[in-house]
Every structure is written in structure tokens, then in C-alpha cells.
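Student: My file is entry.pdb. It has PDB, C-alpha atoms, pLDDT in the B column:
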```pdb
ATOM      1  CA  THR A   1     126.295  93.773  82.602  1.00 45.00           C
ATOM      2  CA  GLN A   2     128.945  95.917  84.147  1.00 53.00           C
ATOM      3  CA  ASN A   3     132.622  95.821  83.173  1.00 61.00           C
ATOM      4  CA  ARG A   4     132.008  93.163  80.516  1.00 61.00           C
ATOM      5  CA  GLY A   5     130.411  90.791  82.997  1.00 56.00           C
ATOM      6  CA  THR A   6     133.191  90.816  85.573  1.00 62.00           C
ATOM      7  CA  ASP A   7     130.937  92.266  88.251  1.00 60.00           C
ATOM      8  CA  GLY A   8     127.318  93.247  88.732  1.00 56.00           C
ATOM      9  CA  GLY A   9     124.464  90.865  88.134  1.00 55.00           C
ATOM     10  CA  GLY A  10     125.994  89.338  85.027  1.00 55.00           C
ATOM     11  CA  GLY A  11     122.870  90.178  83.071  1.00 55.00           C
ATOM     12  CA  ASP A  12     120.540  88.703  85.670  1.00 56.00           C
ATOM     13  CA  GLY A  13     117.831  91.171  86.465  1.00 56.00           C
ATOM     14  CA  HIS A  14     114.304  91.438  87.689  1.00 56.00           C
ATOM     15  CA  GLN A  15     112.137  92.213  84.686  1.00 65.00           C
ATOM     16  CA  PRO A  16     109.226  89.822  85.101  1.00 62.00           C
ATOM     17  CA  ILE A  17     106.692  89.177  82.402  1.00 73.00           C
ATOM     18  CA  LEU A  18     104.507  86.692  84.231  1.00 80.00           C
ATOM     19  CA  MET A  19     105.990  85.207  87.348  1.00 85.00           C
ATOM     20  CA  SER A  20     104.712  82.149  89.177  1.00 89.00           C
ATOM     21  CA  SER A  21     103.569  84.421  92.006  1.00 93.00           C
ATOM     22  CA  HIS A  22     101.304  86.276  89.555  1.00 93.00           C
ATOM     23  CA  VAL A  23      99.450  83.049  88.894  1.00 95.00           C
ATOM     24  CA  TYR A  24      98.715  82.689  92.613  1.00 97.00           C
ATOM     25  CA  PHE A  25      97.551  86.315  92.808  1.00 96.00           C
ATOM     26  CA  MET A  26      95.191  85.630  89.883  1.00 94.00           C
ATOM     27  CA  ARG A  27      93.943  82.507  91.621  1.00 97.00           C
ATOM     28  CA  ALA A  28      93.339  84.534  94.807  1.00 97.00           C
ATOM     29  CA  GLU A  29      91.341  87.071  92.804  1.00 95.00           C
ATOM     30  CA  ALA A  30      89.313  84.353  91.095  1.00 95.00           C
ATOM     31  CA  ALA A  31      88.641  82.578  94.412  1.00 97.00           C
ATOM     32  CA  LEU A  32      87.521  85.811  96.062  1.00 97.00           C
ATOM     33  CA  LEU A  33      85.078  86.387  93.191  1.00 95.00           C
ATOM     34  CA  GLY A  34      83.715  82.869  93.658  1.00 96.00           C
ATOM     35  CA  LEU A  35      84.988  81.684  90.289  1.00 96.00           C
ATOM     36  CA  THR A  36      86.919  78.776  91.832  1.00 97.00           C
ATOM     37  CA  SER A  37      86.574  76.650  94.937  1.00 97.00           C
ATOM     38  CA  GLU A  38      90.057  77.610  96.158  1.00 98.00           C
ATOM     39  CA  ASP A  39      90.617  79.680  99.281  1.00 98.00           C
ATOM     40  CA  ALA A  40      91.554  83.271  98.389  1.00 98.00           C
ATOM     41  CA  ARG A  41      93.518  83.793 101.614  1.00 98.00           C
ATOM     42  CA  THR A  42      95.617  80.676 100.996  1.00 98.00           C
ATOM     43  CA  MET A  43      96.308  81.753  97.406  1.00 98.00           C
ATOM     44  CA  LEU A  44      97.309  85.243  98.630  1.00 98.00           C
ATOM     45  CA  GLU A  45      99.723  83.806 101.178  1.00 98.00           C
ATOM     46  CA  THR A  46     101.207  81.441  98.604  1.00 98.00           C
ATOM     47  CA  ALA A  47     101.590  84.319  96.139  1.00 97.00           C
ATOM     48  CA  ILE A  48     103.465  86.505  98.612  1.00 97.00           C
ATOM     49  CA  ARG A  49     105.762  83.686  99.697  1.00 96.00           C
ATOM     50  CA  GLU A  50     106.374  82.645  96.076  1.00 94.00           C
ATOM     51  CA  SER A  51     107.275  86.207  95.132  1.00 91.00           C
ATOM     52  CA  ILE A  52     109.741  86.581  98.004  1.00 89.00           C
ATOM     53  CA  ALA A  53     111.295  83.158  97.345  1.00 88.00           C
ATOM     54  CA  SER A  54     111.655  83.943  93.643  1.00 84.00           C
ATOM     55  CA  VAL A  55     113.433  87.245  94.240  1.00 77.00           C
ATOM     56  CA  MET A  56     115.695  85.663  96.838  1.00 77.00           C
ATOM     57  CA  SER A  57     116.578  82.734  94.562  1.00 74.00           C
ATOM     58  CA  TYR A  58     117.722  84.722  91.549  1.00 67.00           C
ATOM     59  CA  SER A  59     119.458  87.368  93.646  1.00 60.00           C
ATOM     60  CA  ALA A  60     121.386  84.757  95.654  1.00 58.00           C
ATOM     61  CA  GLY A  61     124.275  84.961  93.183  1.00 57.00           C
ATOM     62  CA  TRP A  62     124.627  88.684  93.610  1.00 55.00           C
ATOM     63  CA  ALA A  63     126.868  90.229  96.226  1.00 54.00           C
ATOM     64  CA  ASP A  64     125.410  91.027  99.651  1.00 57.00           C
ATOM     65  CA  VAL A  65     123.891  94.492  99.524  1.00 54.00           C
ATOM     66  CA  GLY A  66     124.882  95.245 103.103  1.00 55.00           C
ATOM     67  CA  ASP A  67     123.398  97.835 105.415  1.00 55.00           C
ATOM     68  CA  PHE A  68     123.634 101.074 103.464  1.00 51.00           C
ATOM     69  CA  ASN A  69     122.258 103.502 106.032  1.00 54.00           C
ATOM     70  CA  GLY A  70     123.082 101.735 109.310  1.00 59.00           C
ATOM     71  CA  ASP A  71     119.465 100.954 110.234  1.00 60.00           C
ATOM     72  CA  GLY A  72     120.116  97.244 110.616  1.00 58.00           C
ATOM     73  CA  VAL A  73     118.302  96.395 107.384  1.00 55.00           C
ATOM     74  CA  GLY A  74     120.266  94.948 104.508  1.00 57.00           C
ATOM     75  CA  GLY A  75     121.410  91.782 102.860  1.00 58.00           C
ATOM     76  CA  VAL A  76     119.136  88.755 102.729  1.00 62.00           C
ATOM     77  CA  PRO A  77     115.928  89.131 104.755  1.00 67.00           C
ATOM     78  CA  GLU A  78     115.707  86.876 107.775  1.00 73.00           C
ATOM     79  CA  SER A  79     112.873  84.383 107.967  1.00 82.00           C
ATOM     80  CA  ARG A  80     111.396  86.296 110.921  1.00 84.00           C
ATOM     81  CA  SER A  81     111.144  89.430 108.751  1.00 85.00           C
ATOM     82  CA  ILE A  82     109.394  87.463 106.026  1.00 88.00           C
ATOM     83  CA  GLU A  83     107.030  85.867 108.553  1.00 92.00           C
ATOM     84  CA  ALA A  84     106.284  89.268 110.094  1.00 92.00           C
ATOM     85  CA  TYR A  85     105.401  90.716 106.704  1.00 94.00           C
ATOM     86  CA  VAL A  86     103.216  87.780 105.663  1.00 96.00           C
ATOM     87  CA  THR A  87     101.456  87.898 109.049  1.00 96.00           C
ATOM     88  CA  TYR A  88     100.923  91.653 108.698  1.00 96.00           C
ATOM     89  CA  VAL A  89      99.286  91.268 105.265  1.00 97.00           C
ATOM     90  CA  LEU A  90      97.133  88.300 106.274  1.00 97.00           C
ATOM     91  CA  THR A  91      96.000  90.061 109.455  1.00 97.00           C
ATOM     92  CA  ALA A  92      94.896  93.030 107.345  1.00 97.00           C
ATOM     93  CA  TYR A  93      93.176  90.644 104.932  1.00 98.00           C
ATOM     94  CA  ASP A  94      91.325  88.898 107.776  1.00 98.00           C
ATOM     95  CA  ALA A  95      90.260  92.253 109.224  1.00 97.00           C
ATOM     96  CA  ALA A  96      89.028  93.585 105.873  1.00 96.00           C
ATOM     97  CA  ALA A  97      85.395  94.623 106.076  1.00 93.00           C
ATOM     98  CA  ASP A  98      84.241  93.051 102.812  1.00 96.00           C
ATOM     99  CA  ASN A  99      85.392  91.429  99.589  1.00 96.00           C
ATOM    100  CA  GLU A 100      86.158  94.819  98.004  1.00 93.00           C
ATOM    101  CA  ALA A 101      88.629  95.562 100.803  1.00 95.00           C
ATOM    102  CA  LYS A 102      90.100  92.066 100.446  1.00 97.00           C
ATOM    103  CA  MET A 103      90.452  92.538  96.681  1.00 95.00           C
ATOM    104  CA  ASN A 104      92.256  95.794  97.365  1.00 94.00           C
ATOM    105  CA  ILE A 105      94.838  93.908  99.443  1.00 96.00           C
ATOM    106  CA  ILE A 106      95.269  91.164  96.841  1.00 97.00           C
ATOM    107  CA  VAL A 107      95.841  93.626  93.993  1.00 94.00           C
ATOM    108  CA  LYS A 108      98.113  95.852  96.094  1.00 94.00           C
ATOM    109  CA  GLU A 109     100.313  92.881  96.966  1.00 95.00           C
ATOM    110  CA  MET A 110     100.369  91.783  93.325  1.00 94.00           C
ATOM    111  CA  ARG A 111     101.478  95.283  92.386  1.00 91.00           C
ATOM    112  CA  LEU A 112     104.298  95.165  94.928  1.00 90.00           C
ATOM    113  CA  ALA A 113     105.389  91.757  93.633  1.00 90.00           C
ATOM    114  CA  SER A 114     105.447  93.096  90.067  1.00 87.00           C
ATOM    115  CA  TRP A 115     108.395  95.463  90.435  1.00 79.00           C
ATOM    116  CA  GLY A 116     109.710  96.034  86.930  1.00 75.00           C
ATOM    117  CA  ASN A 117     106.438  95.050  85.259  1.00 80.00           C
ATOM    118  CA  GLY A 118     103.866  97.778  84.810  1.00 79.00           C
ATOM    119  CA  ILE A 119     101.546  95.837  82.528  1.00 82.00           C
ATOM    120  CA  GLU A 120     100.062  93.333  84.990  1.00 84.00           C
ATOM    121  CA  PRO A 121      99.367  95.942  87.717  1.00 85.00           C
ATOM    122  CA  TYR A 122      97.813  98.260  85.112  1.00 81.00           C
ATOM    123  CA  ASN A 123      95.563  95.490  83.816  1.00 82.00           C
ATOM    124  CA  ALA A 124      94.598  94.480  87.361  1.00 85.00           C
ATOM    125  CA  MET A 125      93.793  98.083  88.262  1.00 82.00           C
ATOM    126  CA  ARG A 126      91.627  98.488  85.180  1.00 76.00           C
ATOM    127  CA  ARG A 127      89.948  95.107  85.714  1.00 80.00           C
ATOM    128  CA  THR A 128      89.255  95.422  89.449  1.00 84.00           C
ATOM    129  CA  GLY A 129      89.421  99.138  90.300  1.00 79.00           C
ATOM    130  CA  HIS A 130      92.082  98.348  92.918  1.00 84.00           C
ATOM    131  CA  PRO A 131      94.233  99.346  94.681  1.00 82.00           C
ATOM    132  CA  THR A 132      91.959 102.276  95.424  1.00 79.00           C
ATOM    133  CA  GLU A 133      94.600 104.393  97.170  1.00 75.00           C
ATOM    134  CA  MET A 134      96.608 104.579  93.940  1.00 68.00           C
ATOM    135  CA  GLN A 135      93.766 106.031  91.914  1.00 63.00           C
ATOM    136  CA  GLY A 136      93.085 109.263  93.807  1.00 62.00           C
ATOM    137  CA  PRO A 137      92.988 112.119  91.287  1.00 58.00           C
ATOM    138  CA  MET A 138      92.430 109.725  88.378  1.00 58.00           C
ATOM    139  CA  LYS A 139      88.867 109.217  89.615  1.00 60.00           C
ATOM    140  CA  THR A 140      87.805 112.805  89.025  1.00 62.00           C
ATOM    141  CA  GLU A 141      86.230 114.097  85.817  1.00 64.00           C
ATOM    142  CA  SER A 142      89.072 116.625  85.462  1.00 64.00           C
ATOM    143  CA  ALA A 143      91.481 113.723  84.996  1.00 64.00           C
ATOM    144  CA  GLY A 144      89.984 113.164  81.559  1.00 67.00           C
ATOM    145  CA  ILE A 145      89.718 109.844  79.799  1.00 68.00           C
ATOM    146  CA  PHE A 146      91.838 107.010  81.096  1.00 67.00           C
ATOM    147  CA  PRO A 147      92.889 105.021  78.020  1.00 72.00           C
ATOM    148  CA  ASN A 148      91.611 101.476  77.775  1.00 72.00           C
ATOM    149  CA  LEU A 149      93.442 100.776  74.548  1.00 76.00           C
ATOM    150  CA  PHE A 150      95.859 102.391  72.175  1.00 77.00           C
ATOM    151  CA  PRO A 151      95.834 102.767  68.385  1.00 80.00           C
ATOM    152  CA  TYR A 152      97.187  99.870  66.362  1.00 83.00           C
ATOM    153  CA  PRO A 153     100.777 100.314  65.126  1.00 85.00           C
ATOM    154  CA  ALA A 154     101.133 101.931  61.693  1.00 86.00           C
ATOM    155  CA  ASP A 155     102.668  98.835  60.114  1.00 88.00           C
ATOM    156  CA  PHE A 156      99.578  96.807  61.112  1.00 87.00           C
ATOM    157  CA  THR A 157      97.076  99.315  59.745  1.00 86.00           C
ATOM    158  CA  ASN A 158      99.120  99.994  56.597  1.00 88.00           C
ATOM    159  CA  LEU A 159      99.338  96.291  55.757  1.00 91.00           C
ATOM    160  CA  ASN A 160      95.792  95.348  56.753  1.00 91.00           C
ATOM    161  CA  ALA A 161      93.035  97.214  54.935  1.00 89.00           C
ATOM    162  CA  ASN A 162      90.458  95.616  57.265  1.00 91.00           C
ATOM    163  CA  ALA A 163      92.122  96.815  60.459  1.00 88.00           C
ATOM    164  CA  PRO A 164      89.711  98.753  62.658  1.00 84.00           C
ATOM    165  CA  VAL A 165      90.357 102.449  63.047  1.00 80.00           C
ATOM    166  CA  ARG A 166      90.601 103.406  66.689  1.00 78.00           C
ATOM    167  CA  THR A 167      90.150 107.048  67.505  1.00 78.00           C
ATOM    168  CA  ASP A 168      88.426 106.700  70.870  1.00 79.00           C
ATOM    169  CA  MET A 169      90.974 105.453  73.398  1.00 77.00           C
ATOM    170  CA  SER A 170      88.226 105.134  76.017  1.00 76.00           C
ATOM    171  CA  GLU A 171      86.522 102.372  74.020  1.00 76.00           C
ATOM    172  CA  THR A 172      85.587  99.508  76.324  1.00 74.00           C
ATOM    173  CA  VAL A 173      87.554  96.304  75.919  1.00 75.00           C
ATOM    174  CA  PHE A 174      85.874  92.948  76.522  1.00 72.00           C
ATOM    175  CA  TRP A 175      87.484  92.220  79.908  1.00 69.00           C
ATOM    176  CA  ASP A 176      86.882  95.641  81.459  1.00 68.00           C
ATOM    177  CA  THR A 177      83.568  95.056  83.230  1.00 66.00           C
ATOM    178  CA  ARG A 178      83.942  98.103  85.500  1.00 63.00           C
ATOM    179  CA  ARG A 179      84.320 100.784  82.808  1.00 57.00           C
ATOM    180  CA  THR A 180      82.100 103.882  83.163  1.00 50.00           C
ATOM    181  CA  GLY A 181      84.095 106.619  81.400  1.00 45.00           C
ATOM    182  CA  VAL A 182      86.440 107.515  84.243  1.00 43.00           C
ATOM    183  CA  LEU A 183      88.377 105.250  86.536  1.00 42.00           C
ATOM    184  CA  ASN A 184      85.870 103.842  88.981  1.00 40.00           C
TER     185      ASN A 184
END
```
For the structure just supplied, provide its representation as C-alpha cells.
Tutor:
Amino acid sequence: TQNRGTDGGGGDGHQPILMSSHVYFMRAEAALLGLTSEDARTMLETAIRESIASVMSYSAGWADVGDFNGDGVGGVPESRSIEAYVTYVLTAYDAAADNEAKMNIIVKEMRLASWGNGIEPYNAMRRTGHPTEMQGPMKTESAGIFPNLFPYPADFTNLNANAPVRTDMSETVFWDTRRTGVLN
């Protein structure tokens, strides 16, 4: 908080662990993979709207941010701006050539909705290989090994004689079905 809580967000901040919108993004992913009978497009739309509504609800107590650079953008987004964005994403989703392209959109939108949380987008990228445009140079052999896991903390290994020793950070973890040595 700023000035002992007299101004600023009063300790309210956007540092999501697992937001309700993330659940809808996961459901969209599962539906697209045929793991549920839900409609992936509907889950994607719900996820985007849930994310926007969530951010708007907890930021409602903050002061209006105003129009910093005079471009007409600032403060609370108007419903027409929200509708335009949702329509833009869903139009791209509908025009996507195949399920891989659709998955790319789902994971990209989840990443955007995860501002402040790097764990869920990282796990989604490792699990799905999307969004592809973020991976660029990481897909080349010269990028080296992309870690799948990290060594256990010293206090765990010091107190547990049966703890596995991890020296190969590229070791495949059970949920990473796409792993081939480099980011694929």
C-alpha cells in the first residue's frame, strides 16, 4: 500500500494464482481435444468475459486511471470495446484452419488473462506447444535444453534420504506429452 493505505490500491492487486477464467480456458482446451462434450468456442468466450469482468470488479474501487496520452483510451472500458474485442477473438477462432490454430488462440488468450501469473502460461505452453509465436528462437537446437523441472530444494533432499536426485532438467514430466528435447 502507498502512504500507509491512504491512497493507492489499499493492498488490492492483481496477482492471480488460479482465477475463475483459467478454469474456463482449461475447459476450452479440454473440449477442443475432445475430452469433454462442452463447446470449446463457448468456453473460450466465457473465459474472456470472466477475465474482463474479474479485473473490472476488483479494480472498481481504485481511482479512474484517466486518459494518459490523449488517445481517448482510459478509465473503465466501455461495453462496446469489450464486445469488439470478444468478437475479434471469436472471429479469429472461427476462421482458424484447424484445431492446432484454435488451440493457439485459446492458450494465447489464457496467457493474456494471466497477467501477474507466469506459472499457468508456462505450464500451458509446455503442455500444448502454444502460443507458437512466443516460442520463436526457443525452438532451435542452439537454444539448448528448455527445463521441464528444477532440482528439489536443499531442505527437502537433506531431510529425505530417499529423495530422487535430479541432474537432468530436461527429464520428461508425466503431463508433458509433447516433449522431444527442444520446445516443439
Student: Translate the PyMOL selection byres ((chain A and resi 17-24) around 10) into a concrete residue list for this structure, as an NGL selection string.
Tutor: :A and (14-16 or 25-30 or 40 or 42-54 or 109-111 or 113-114 or 116-120)
Student: Rounded to one decimal, what separation in Å do you get between CA of His130 in chain A and CA of Ala101 in chain A?
Tutor: 9.0 Å
Student: Mind pulling up the distance from CA of Leu112 in chain A to CA of Met125 in chain A?
Tutor: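 Atom-to-atom, CA of Met125 in chain A to CA of Leu112 in chain A, that is 12.8 Å.
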Student: Report as a list in words all protein, DNA and RNA residues lying within 10 Å of Val165 in chain A, evaluated on all atoms listed in the file, omitting residues in the same chain fewer than 6 positions from it.
Tutor: Pro151, Tyr152 and Thr157 of chain A
Student: Pull C-alpha atoms from the residues just selected and write them as a PDB file, in the coordinates of the input.
Tutor:
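Writing the result to part_30.pdb gives the following:
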```pdb
ATOM      1  CA  PRO A 151      95.834 102.767  68.385  1.00 80.00           C
ATOM      2  CA  TYR A 152      97.187  99.870  66.362  1.00 83.00           C
ATOM      3  CA  THR A 157      97.076  99.315  59.745  1.00 86.00           C
TER       4      THR A 157
END
```
Student: Just give me the gap between CA of Glu83 in chain A and CA of Asn104 in chain A in Å, one decimal is fine.
Tutor: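 About the pair CA of Glu83 in chain A and CA of Asn104 in chain A: they are 21.0 Å apart.
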Student: Ranking A:Thr167, A:Ser37, A:Ser79, A:Asn99 by minimum distance to Thr128 in chain A and counting all atoms listed in the file, which one comes first?
Tutor: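 The shortest atom-to-atom distance to Thr128 in chain A comes from A:Asn99.
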Student: Check which residues satisfy the PyMOL selection byres ((chain A and resi 100) around 10) in the file shown, then give them as a VMD selection string.
Tutor: chain A and resid 32 to 33 96 to 99 101 to 106 128 to 132
